[in-house]
Number of protein chains: 2
Amino acid sequence: MTDCRGAAALLRGWDDILVLCHASPDGDTLGSACALVRGLRALGKRAWFICGDEIDGKYAHLTAGQPPFGWEPAHIISVDVAATDLLGPLEKEYGEKIELAIDHHSGHRPFARESWVEEDAAANCELIYLLLEEMGVKPDKVMADCLYTGLTTDTGCFRYPSVSPRTHRIAAELLELGAEGARINLEMFESKSKAQLEAERLVMESISFSCGGKCAMVQVPRSIYQRTGVRDSELEGVASLPRQVKGVLLGVILKEKEGGKVKASIRSNPPANAREIGESFGGGGHPGAAGCTLSGITLEQAAEKLEAACRAQLVKLGLL
Amino acid sequence: MTDCRGAAALLRGWDDILVLCHASPDGDTLGSACALVRGLRALGKRAWFICGDEIDGKYAHLTAGQPPFGWEPAHIISVDVAATDLLGPLEKEYGEKIELAIDHHSGHRPFARESWVEEDAAANCELIYLLLEEMGVKPDKVMADCLYTGLTTDTGCFRYPSVSPRTHRIAAELLELGAEGARINLEMFESKSKAQLEAERLVMESISFSCGGKCAMVQVPRSIYQRTGVRDSELEGVASLPRQVKGVLLGVILKEKEGGKVKASIRSNPPANAREIGESFGGGGHPGAAGCTLSGITLEQAAEKLEAACRAQLVKLGLL
């Protein structure tokens with residue numbers, strides 16, 4: 001394990017650096033990678049970042065170009081990646097070559113030669129902000145936008161228990177460095193297509209309650225995509241809706257995927273723990289937000305399994 | 001006009017202080033009043049706050065008790081009140097007796113003997129935080145919760161363009177003083193009754209678009225309250241939904257009230273201006289969020305009038 005100073009010392013000595021994001025990329029892994037790559041370039045280094053999955057259009061501002069053809073990285077690092085399998089399609093080529101992992105997940109499973117993991121950071125971008133400071137890079141406007149995007153998306157806009165005084169102080173600094181906080185928040189949280197609006201309405205019609213109202217579940221059949229034209233990434237926000245109902249401790253959303261797979265997103269209010277449930281199905285995440293994928297299963301079967309797991313946890317906690 | 005030092009000097013010299021909130025009280029007017037009253041008491045003074053309208057249960061933590069029977073205030077101040085008529089039922093008795101107004105609305109219409117108005121403050125609670133600091137009061141945990149509540153509710157959880165580096169720095173300080181940010185955000189933004197969920201779904205079914213998708217409107221007929229059991233205050237969050245649809249510059253929600261009245265809430269994305277529309281019907285607010293009440297009118301008629309006003313503004317801006 002290393003720390004901010006150690007990570008900065010490593011990076012200062014390196015050039016030709018490739019930064020890896022996690023699959024199904026979000027604002028925090030992309031914001032971290034983009035700000036870090038730009039910061040390394042500000043120090044005169046060659047650096048690029050890549051991601052194994054397609055990047056949603058709303059993250060288009062988190063870009064630093066494609067690595068040029070024929071370029072070979074000399075050093076490989078990962079940002080916001082809790083385990084090698086979360087690299088997705090990049091795992092096979094890079095999974096065992098990572099020299100430095102910078103992460104903030106409490107369930108981080110070490111895989112890199114050196115790891116800097118701070119579970120108290122609300123977003124991985126908090127760590128990248130500190131790292132740039134340590135390396136003597138003053139973030140420009142674009143880097144500030146990248147870091148703000150990670151900060152705000154990983155905290156539900158400064159809403160979650162993970163938010164610390166440091167999170168707010170970094171946000172203040174980033175606004176002073178030119179980050180367009182309000183515009184970014186509008187794009188990240190308050191911008192829906194009509195298809196998305198319609199799909200969310202249909203999904204919420206399916207809400208069902210169990211465990212005396214302490215568990216709420218919604219289902220997203222594949223037909224909804226054809227019916228409304230909504231894209232999968234546009235339904236991310238739905239994950240937080242079931243948990244918002246008063247009295248709900250565990251909110252679950254089940255998305256039907258190709259090939260008999262069902263992806264479950266779990267959100268919890270304390271003392272319930274989403275990560276425990278995600279992990280019990282081979283997934284992972286944070287205490288308040290986790291996920292897992294079930295294979296060879298229908299939506300209905302997945303709903304039964306998840307409900308049973310939620311019930312078991314609530315019983316264990318003495319809440320049922 | 002006075003400033004923070006001037007307001008602190010006045011308050012230091014006073015005792016028996018009554019603080020007035022605006023009608024239809026929100027987290028910012030109540031948080032301001034409650035924190036200020038508790039701060040004045042910490043200086044050994046007698047102080048209470050009152051509000052002309054009923055206070056929603058979710059603000060139950062913003063309390064400082066009832067003024068004792070027979071107590072007569074010697075000095076009267078208002079917090080977050082932009083004009084005397086916004087005192088509602090308190091206007092008649094107190095409207096002309098206010099010695100100090102502390103407010104952050106850009107449309108503030110002066111009514112007090114002394115006014116401290118800072119339009120750049122994202123929430124009135126920012127000013128109360130500075131005022132307590134100026135008076136040498138270190139906020140205790142309850143005051144910190146009050147101030148955080150105002151900060152987060154008036155900024156949509158640090159989301160709006162009004163949020164400045166100072167807003168985030170004050171939030172950081174308040175968390176360090178013990179404010180339970182995450183719990184407050186959960187209660188303010190992520191807690192819905194089943195009735196509310198159902199009512200929101202019904203309301204969103206009514207969404208209609210005009211002006212080439214630049215204007216979106218939803219209607220809340222009085223029947224929805226009986227049909228779902230939702231309380232009026234539970235439908236506040238709906239106001240932001242129409243504006244969230246991609247391409248919408250003006251989002252309007254119309255609520256049918258008793259006695260042939262219709263209350264309109266307008267939300268805008270730049271360059272559209274909600275306040276201009278609110279003011280054109282005798283209401284007011286901020287550039288991004290405003291409201292007004294129309295009398296002797298049906299929902300349908302109100303919808304026509306509001307749509308015409310939105311269209312006129314978009315034409316004036318060269319957007320139609």
# chains A, B, ... in the order shown; residues from 1 in each chain; ligands from 1
call {"tool": "select_by_dssp", "arguments": {"residues": "region 44-156 of chain A", "states": "helix (DSSP H, G or I)", "output": "PyMOL selection string"}}
result
chain A and resi 57-59+84-94+124-134+141-154
call {"tool": "closest_atom_pairs", "arguments": {"of": "chain A", "to": "chain B", "cutoff": "7 Å", "atoms": "only C-alpha atoms", "output": "CSV"}}
result
residue,atom,partner,partner_atom,distance
A:Cys157,CA,B:Cys157,CA,6.6
A:Phe158,CA,B:Cys157,CA,6.8
A:Arg159,CA,B:Ala182,CA,5.7
A:Tyr160,CA,B:Ala182,CA,5.3
A:Pro161,CA,B:Ala182,CA,4.8
A:Pro165,CA,B:Ala172,CA,4.0
A:Arg166,CA,B:Ala172,CA,6.9
A:His168,CA,B:His168,CA,5.1
A:Arg169,CA,B:Arg169,CA,5.6
A:Ala171,CA,B:His168,CA,6.7
A:Ala172,CA,B:Pro165,CA,4.0
A:Glu173,CA,B:Pro165,CA,6.8
A:Leu175,CA,B:Pro165,CA,6.1
A:Glu176,CA,B:Pro165,CA,6.6
A:Ala182,CA,B:Pro161,CA,4.8
A:Asn185,CA,B:Arg159,CA,5.9
A:Glu190,CA,B:Gln244,CA,4.8
A:Ser191,CA,B:Gln244,CA,4.8
A:Lys192,CA,B:Val245,CA,4.6
A:Ser193,CA,B:Lys246,CA,5.2
A:Lys194,CA,B:Val245,CA,6.4
A:Arg201,CA,B:Arg201,CA,6.5
A:Gln244,CA,B:Glu190,CA,4.8
A:Val245,CA,B:Lys192,CA,4.6
A:Lys246,CA,B:Ser193,CA,5.2
call {"tool": "residues_around", "arguments": {"residues": "Arg5 (chain A)", "least_positions_apart": "3", "cutoff": "12 Å", "atoms": "only C-alpha atoms", "output": "tab-separated table (two decimals) with N, CA and C atoms, in the first residue's frame"}}
result
chain	number	residue	atom	x	y	z
A	1	MET	N	0.84	-1.21	0.00
A	1	MET	CA	0.00	0.00	0.00
A	1	MET	C	0.88	1.26	0.00
A	2	THR	N	0.42	2.26	-0.73
A	2	THR	CA	1.15	3.52	-0.72
A	2	THR	C	0.16	4.64	-0.37
A	8	ALA	N	2.48	10.06	-6.01
A	8	ALA	CA	3.05	11.20	-6.75
A	8	ALA	C	4.50	10.93	-7.11
A	9	ALA	N	5.25	10.34	-6.18
A	9	ALA	CA	6.67	10.04	-6.44
A	9	ALA	C	6.81	9.06	-7.60
A	10	LEU	N	5.98	8.02	-7.59
A	10	LEU	CA	6.01	7.06	-8.70
A	10	LEU	C	5.75	7.76	-10.03
A	11	LEU	N	4.66	8.51	-10.08
A	11	LEU	CA	4.26	9.15	-11.34
A	11	LEU	C	5.30	10.15	-11.82
A	12	ARG	N	5.91	10.86	-10.88
A	12	ARG	CA	6.94	11.83	-11.28
A	12	ARG	C	8.09	11.15	-12.03
A	116	TRP	N	-3.01	2.79	-3.78
A	116	TRP	CA	-3.36	3.88	-2.86
A	116	TRP	C	-4.88	3.89	-2.77
A	127	LEU	N	-9.18	12.05	-4.50
A	127	LEU	CA	-7.79	11.60	-4.44
A	127	LEU	C	-6.98	12.19	-5.59
A	128	ILE	N	-7.58	12.26	-6.77
A	128	ILE	CA	-6.85	12.83	-7.91
A	128	ILE	C	-6.57	14.31	-7.69
A	130	LEU	N	-6.02	15.70	-4.78
A	130	LEU	CA	-4.90	15.75	-3.84
A	130	LEU	C	-3.59	15.37	-4.53
A	131	LEU	N	-3.69	14.41	-5.44
A	131	LEU	CA	-2.50	13.94	-6.16
A	131	LEU	C	-1.93	15.04	-7.06
A	132	LEU	N	-2.81	15.73	-7.77
A	132	LEU	CA	-2.35	16.82	-8.64
A	132	LEU	C	-1.68	17.90	-7.79
A	133	GLU	N	-2.29	18.21	-6.65
A	133	GLU	CA	-1.72	19.20	-5.74
A	133	GLU	C	-0.31	18.75	-5.31
A	134	GLU	N	-0.22	17.48	-4.94
A	134	GLU	CA	1.06	16.92	-4.48
A	134	GLU	C	2.12	16.97	-5.59
A	135	MET	N	1.65	16.82	-6.85
A	135	MET	CA	2.59	16.84	-7.98
A	135	MET	C	2.86	18.27	-8.47
A	136	GLY	N	2.23	19.25	-7.81
A	136	GLY	CA	2.46	20.64	-8.19
A	136	GLY	C	1.73	21.08	-9.44
call {"tool": "closest_residue", "arguments": {"among": "B:Asp85, B:Asp15, B:Glu304, B:Asp80", "to": "Cys125 (chain B)", "atoms": "only C-alpha atoms"}}
result
B:Asp80
call {"tool": "closest_residue", "arguments": {"among": "B:Arg227, B:Gly212, B:Lys263, B:Glu256", "to": "Arg311 (chain B)", "atoms": "only C-alpha atoms"}}
result
B:Gly212
call {"tool": "residues_around", "arguments": {"residues": "Val203 (chain A)", "least_positions_apart": "3", "cutoff": "12 Å", "atoms": "only C-alpha atoms", "output": "VMD selection string"}}
result
(chain A and resid 196 to 200 206 to 208 217 to 225 227 to 228 230 235 to 239 241 to 242 253 to 255) or (chain B and resid 201)
call {"tool": "residues_around", "arguments": {"residues": "Trp14 (chain A)", "least_positions_apart": "3", "cutoff": "12 Å", "atoms": "only C-alpha atoms", "output": "list in words"}}
result
Ala7, Ala8, Ala9, Leu10, Leu11, Ile17, Leu18, Leu40, Arg41, Leu43, Gly44, Lys45, Arg46, Ala47, Pro73, Ala74, His75, Ile76, Ile77, Glu99 and Leu100 of chain A
call {"tool": "write_last_selection", "arguments": {"atoms": "N, CA, C and O atoms", "output": "PDB file, in the first residue's frame"}}
result
ATOM      1  N   ALA A   7       2.329   7.793  -4.388  1.00  0.00           N
ATOM      2  CA  ALA A   7       1.789   7.737  -5.745  1.00  0.00           C
ATOM      3  C   ALA A   7       2.378   8.859  -6.592  1.00  0.00           C
ATOM      4  O   ALA A   7       2.753   8.650  -7.758  1.00  0.00           O
ATOM      5  N   ALA A   8       2.479  10.059  -6.013  1.00  0.00           N
ATOM      6  CA  ALA A   8       3.045  11.196  -6.751  1.00  0.00           C
ATOM      7  C   ALA A   8       4.502  10.927  -7.112  1.00  0.00           C
ATOM      8  O   ALA A   8       4.948  11.243  -8.225  1.00  0.00           O
ATOM      9  N   ALA A   9       5.251  10.336  -6.185  1.00  0.00           N
ATOM     10  CA  ALA A   9       6.667  10.045  -6.436  1.00  0.00           C
ATOM     11  C   ALA A   9       6.813   9.056  -7.596  1.00  0.00           C
ATOM     12  O   ALA A   9       7.659   9.246  -8.475  1.00  0.00           O
ATOM     13  N   LEU A  10       5.978   8.023  -7.594  1.00  0.00           N
ATOM     14  CA  LEU A  10       6.013   7.060  -8.699  1.00  0.00           C
ATOM     15  C   LEU A  10       5.754   7.760 -10.026  1.00  0.00           C
ATOM     16  O   LEU A  10       6.512   7.608 -10.996  1.00  0.00           O
ATOM     17  N   LEU A  11       4.665   8.510 -10.080  1.00  0.00           N
ATOM     18  CA  LEU A  11       4.258   9.145 -11.339  1.00  0.00           C
ATOM     19  C   LEU A  11       5.298  10.147 -11.819  1.00  0.00           C
ATOM     20  O   LEU A  11       5.536  10.270 -13.030  1.00  0.00           O
ATOM     21  N   ILE A  17       2.360   6.915 -19.840  1.00  0.00           N
ATOM     22  CA  ILE A  17       1.479   6.331 -18.823  1.00  0.00           C
ATOM     23  C   ILE A  17       0.085   6.088 -19.404  1.00  0.00           C
ATOM     24  O   ILE A  17      -0.511   6.981 -20.007  1.00  0.00           O
ATOM     25  N   LEU A  18      -0.405   4.863 -19.217  1.00  0.00           N
ATOM     26  CA  LEU A  18      -1.770   4.537 -19.634  1.00  0.00           C
ATOM     27  C   LEU A  18      -2.644   4.397 -18.394  1.00  0.00           C
ATOM     28  O   LEU A  18      -2.315   3.660 -17.465  1.00  0.00           O
ATOM     29  N   LEU A  40      -0.825  14.957 -15.964  1.00  0.00           N
ATOM     30  CA  LEU A  40       0.481  14.378 -16.322  1.00  0.00           C
ATOM     31  C   LEU A  40       1.056  15.081 -17.548  1.00  0.00           C
ATOM     32  O   LEU A  40       2.265  15.348 -17.628  1.00  0.00           O
ATOM     33  N   ARG A  41       0.171  15.404 -18.488  1.00  0.00           N
ATOM     34  CA  ARG A  41       0.630  16.124 -19.685  1.00  0.00           C
ATOM     35  C   ARG A  41       1.140  17.514 -19.325  1.00  0.00           C
ATOM     36  O   ARG A  41       2.089  18.014 -19.926  1.00  0.00           O
ATOM     37  N   LEU A  43       2.762  18.186 -16.892  1.00  0.00           N
ATOM     38  CA  LEU A  43       4.131  17.981 -16.407  1.00  0.00           C
ATOM     39  C   LEU A  43       5.062  17.539 -17.535  1.00  0.00           C
ATOM     40  O   LEU A  43       6.193  17.128 -17.297  1.00  0.00           O
ATOM     41  N   GLY A  44       4.551  17.577 -18.772  1.00  0.00           N
ATOM     42  CA  GLY A  44       5.386  17.260 -19.927  1.00  0.00           C
ATOM     43  C   GLY A  44       5.419  15.784 -20.287  1.00  0.00           C
ATOM     44  O   GLY A  44       6.219  15.370 -21.130  1.00  0.00           O
ATOM     45  N   LYS A  45       4.528  15.005 -19.692  1.00  0.00           N
ATOM     46  CA  LYS A  45       4.548  13.558 -19.953  1.00  0.00           C
ATOM     47  C   LYS A  45       3.537  13.180 -21.039  1.00  0.00           C
ATOM     48  O   LYS A  45       2.575  13.894 -21.284  1.00  0.00           O
ATOM     49  N   ARG A  46       3.779  11.996 -21.642  1.00  0.00           N
ATOM     50  CA  ARG A  46       2.781  11.424 -22.550  1.00  0.00           C
ATOM     51  C   ARG A  46       1.850  10.523 -21.735  1.00  0.00           C
ATOM     52  O   ARG A  46       2.330   9.644 -20.992  1.00  0.00           O
ATOM     53  N   ALA A  47       0.562  10.762 -21.862  1.00  0.00           N
ATOM     54  CA  ALA A  47      -0.396   9.950 -21.101  1.00  0.00           C
ATOM     55  C   ALA A  47      -1.733   9.914 -21.826  1.00  0.00           C
ATOM     56  O   ALA A  47      -2.122  10.890 -22.488  1.00  0.00           O
ATOM     57  N   PRO A  73       2.451   1.969 -24.009  1.00  0.00           N
ATOM     58  CA  PRO A  73       2.628   2.520 -22.659  1.00  0.00           C
ATOM     59  C   PRO A  73       3.787   1.827 -21.943  1.00  0.00           C
ATOM     60  O   PRO A  73       4.028   0.633 -22.126  1.00  0.00           O
ATOM     61  N   ALA A  74       4.470   2.612 -21.110  1.00  0.00           N
ATOM     62  CA  ALA A  74       5.549   2.037 -20.301  1.00  0.00           C
ATOM     63  C   ALA A  74       5.044   1.701 -18.901  1.00  0.00           C
ATOM     64  O   ALA A  74       5.608   0.838 -18.228  1.00  0.00           O
ATOM     65  N   HIS A  75       3.997   2.407 -18.484  1.00  0.00           N
ATOM     66  CA  HIS A  75       3.450   2.185 -17.138  1.00  0.00           C
ATOM     67  C   HIS A  75       1.918   2.231 -17.196  1.00  0.00           C
ATOM     68  O   HIS A  75       1.346   3.062 -17.897  1.00  0.00           O
ATOM     69  N   ILE A  76       1.301   1.330 -16.434  1.00  0.00           N
ATOM     70  CA  ILE A  76      -0.159   1.240 -16.477  1.00  0.00           C
ATOM     71  C   ILE A  76      -0.727   1.442 -15.076  1.00  0.00           C
ATOM     72  O   ILE A  76      -0.267   0.814 -14.114  1.00  0.00           O
ATOM     73  N   ILE A  77      -1.703   2.334 -14.973  1.00  0.00           N
ATOM     74  CA  ILE A  77      -2.337   2.560 -13.670  1.00  0.00           C
ATOM     75  C   ILE A  77      -3.851   2.480 -13.840  1.00  0.00           C
ATOM     76  O   ILE A  77      -4.377   2.555 -14.954  1.00  0.00           O
ATOM     77  N   GLU A  99       0.615  -1.210 -12.381  1.00  0.00           N
ATOM     78  CA  GLU A  99       1.662  -0.895 -11.403  1.00  0.00           C
ATOM     79  C   GLU A  99       1.142  -0.047 -10.253  1.00  0.00           C
ATOM     80  O   GLU A  99       1.728  -0.022  -9.175  1.00  0.00           O
ATOM     81  N   LEU A 100       0.071   0.704 -10.509  1.00  0.00           N
ATOM     82  CA  LEU A 100      -0.463   1.586  -9.465  1.00  0.00           C
ATOM     83  C   LEU A 100      -1.983   1.637  -9.591  1.00  0.00           C
ATOM     84  O   LEU A 100      -2.505   1.923 -10.673  1.00  0.00           O
TER      85      LEU A 100
END
call {"tool": "closest_residue", "arguments": {"among": "A:Ser295, A:Gln301, A:Ser32, A:Gln313", "to": "Glu276 (chain A)", "atoms": "only C-alpha atoms"}}
result
A:Gln313
call {"tool": "atom_distance", "arguments": {"atom1": "CA of Ser280 (chain A)", "atom2": "CA of Ala302 (chain A)"}}
result
13.2 Å
call {"tool": "atom_distance", "arguments": {"atom1": "CA of Lys138 (chain A)", "atom2": "CA of His108 (chain A)"}}
result
28.7 Å
call {"tool": "residues_around", "arguments": {"residues": "Thr153 (chain A)", "least_positions_apart": "3", "cutoff": "8 Å", "atoms": "only C-alpha atoms", "output": "compact mmCIF listing (two decimals) with N, CA and C atoms, in the first residue's frame"}}
result
# COMPACT_ATOMS: atom_id res chain seq x y z
N ASP A 26 -18.47 5.51 -15.21
CA ASP A 26 -19.28 6.58 -14.62
C ASP A 26 -18.45 7.87 -14.56
N GLY A 27 -19.04 8.90 -14.02
CA GLY A 27 -18.37 10.20 -13.97
C GLY A 27 -17.11 10.21 -13.14
N ASP A 28 -17.05 9.33 -12.14
CA ASP A 28 -15.89 9.36 -11.25
C ASP A 28 -14.68 8.69 -11.87
N THR A 149 -17.05 16.80 -11.90
CA THR A 149 -17.99 15.79 -12.40
C THR A 149 -17.91 14.51 -11.57
N GLY A 150 -16.69 14.06 -11.27
CA GLY A 150 -16.54 12.86 -10.44
C GLY A 150 -17.08 13.07 -9.04
N GLY A 156 -24.03 11.76 -5.51
CA GLY A 156 -25.42 12.15 -5.75
C GLY A 156 -25.60 13.64 -5.55
N CYS A 157 -24.64 14.43 -6.01
CA CYS A 157 -24.64 15.88 -5.81
C CYS A 157 -24.53 16.23 -4.33
N MET A 188 -25.82 16.19 -15.52
CA MET A 188 -25.69 14.88 -14.87
C MET A 188 -27.00 14.42 -14.22
call {"tool": "atom_distance", "arguments": {"atom1": "CA of Leu147 (chain B)", "atom2": "CA of Ala179 (chain B)"}}
result
8.5 Å
call {"tool": "closest_residue", "arguments": {"among": "B:Leu87, B:Val37, B:Val142, B:Leu320", "to": "Gln66 (chain B)", "atoms": "only C-alpha atoms"}}
result
B:Val37
call {"tool": "residues_around", "arguments": {"residues": "Ser265 (chain B)", "least_positions_apart": "5", "cutoff": "6 Å", "atoms": "only C-alpha atoms", "output": "NGL selection string"}}
result
:B and (252-253 or 290-291)
call {"tool": "decode", "arguments": {"residues": "region 40-70 of chain A", "atoms": "N, CA and C atoms", "output": "short mmCIF file (atom, residue, chain, number, x, y, z; two decimals), in the first residue's frame"}}
result
data_model
loop_
_atom_site.label_atom_id
_atom_site.label_comp_id
_atom_site.auth_asym_id
_atom_site.auth_seq_id
_atom_site.Cartn_x
_atom_site.Cartn_y
_atom_site.Cartn_z
N LEU A 40 -0.82 14.96 -15.96
CA LEU A 40 0.48 14.38 -16.32
C LEU A 40 1.06 15.08 -17.55
N ARG A 41 0.17 15.40 -18.49
CA ARG A 41 0.63 16.12 -19.68
C ARG A 41 1.14 17.51 -19.33
N ALA A 42 0.49 18.13 -18.32
CA ALA A 42 0.95 19.46 -17.88
C ALA A 42 2.36 19.38 -17.32
N LEU A 43 2.76 18.19 -16.89
CA LEU A 43 4.13 17.98 -16.41
C LEU A 43 5.06 17.54 -17.53
N GLY A 44 4.55 17.58 -18.77
CA GLY A 44 5.39 17.26 -19.93
C GLY A 44 5.42 15.78 -20.29
N LYS A 45 4.53 15.00 -19.69
CA LYS A 45 4.55 13.56 -19.95
C LYS A 45 3.54 13.18 -21.04
N ARG A 46 3.78 12.00 -21.64
CA ARG A 46 2.78 11.42 -22.55
C ARG A 46 1.85 10.52 -21.73
N ALA A 47 0.56 10.76 -21.86
CA ALA A 47 -0.40 9.95 -21.10
C ALA A 47 -1.73 9.91 -21.83
N TRP A 48 -2.40 8.76 -21.77
CA TRP A 48 -3.75 8.62 -22.30
C TRP A 48 -4.57 7.77 -21.35
N PHE A 49 -5.88 7.82 -21.52
CA PHE A 49 -6.69 6.88 -20.75
C PHE A 49 -7.62 6.12 -21.68
N ILE A 50 -7.98 4.90 -21.29
CA ILE A 50 -8.92 4.10 -22.07
C ILE A 50 -9.92 3.44 -21.12
N CYS A 51 -11.01 2.99 -21.74
CA CYS A 51 -12.08 2.34 -20.99
C CYS A 51 -12.58 1.17 -21.84
N GLY A 52 -12.92 0.07 -21.20
CA GLY A 52 -13.34 -1.13 -21.94
C GLY A 52 -14.72 -1.03 -22.54
N ASP A 53 -15.55 -0.17 -22.01
CA ASP A 53 -16.92 -0.04 -22.51
C ASP A 53 -17.15 1.32 -23.16
N GLU A 54 -18.24 1.40 -23.89
CA GLU A 54 -18.61 2.65 -24.53
C GLU A 54 -18.89 3.73 -23.48
N ILE A 55 -18.57 4.96 -23.84
CA ILE A 55 -18.76 6.08 -22.91
C ILE A 55 -20.02 6.84 -23.29
N ASP A 56 -20.91 7.02 -22.31
CA ASP A 56 -22.17 7.72 -22.58
C ASP A 56 -21.92 9.17 -23.01
N GLY A 57 -22.79 9.64 -23.89
CA GLY A 57 -22.64 10.99 -24.44
C GLY A 57 -22.59 12.09 -23.40
N LYS A 58 -23.22 11.86 -22.25
CA LYS A 58 -23.22 12.94 -21.26
C LYS A 58 -21.85 13.14 -20.62
N TYR A 59 -20.94 12.19 -20.85
CA TYR A 59 -19.58 12.35 -20.34
C TYR A 59 -18.62 12.83 -21.43
N ALA A 60 -19.17 13.36 -22.52
CA ALA A 60 -18.33 13.74 -23.65
C ALA A 60 -17.27 14.78 -23.28
N HIS A 61 -17.52 15.55 -22.21
CA HIS A 61 -16.53 16.57 -21.83
C HIS A 61 -15.32 15.95 -21.10
N LEU A 62 -15.44 14.66 -20.76
CA LEU A 62 -14.34 13.99 -20.05
C LEU A 62 -13.46 13.26 -21.07
N THR A 63 -12.79 14.02 -21.88
CA THR A 63 -12.04 13.42 -22.98
C THR A 63 -10.61 13.96 -23.06
N ALA A 64 -9.72 13.09 -23.45
CA ALA A 64 -8.32 13.50 -23.62
C ALA A 64 -7.72 12.85 -24.86
N GLY A 65 -8.59 12.49 -25.80
CA GLY A 65 -8.11 11.94 -27.07
C GLY A 65 -7.77 10.45 -27.01
N GLN A 66 -7.60 9.88 -28.20
CA GLN A 66 -7.23 8.46 -28.34
C GLN A 66 -5.72 8.31 -28.33
N PRO A 67 -5.21 7.24 -27.70
CA PRO A 67 -3.76 7.00 -27.81
C PRO A 67 -3.38 6.87 -29.28
N PRO A 68 -2.26 7.49 -29.71
CA PRO A 68 -1.89 7.42 -31.13
C PRO A 68 -1.51 5.99 -31.53
N PHE A 69 -1.76 5.68 -32.79
CA PHE A 69 -1.49 4.33 -33.29
C PHE A 69 -0.03 3.98 -33.07
N GLY A 70 0.20 2.81 -32.49
CA GLY A 70 1.58 2.36 -32.31
C GLY A 70 2.21 2.76 -31.00
#
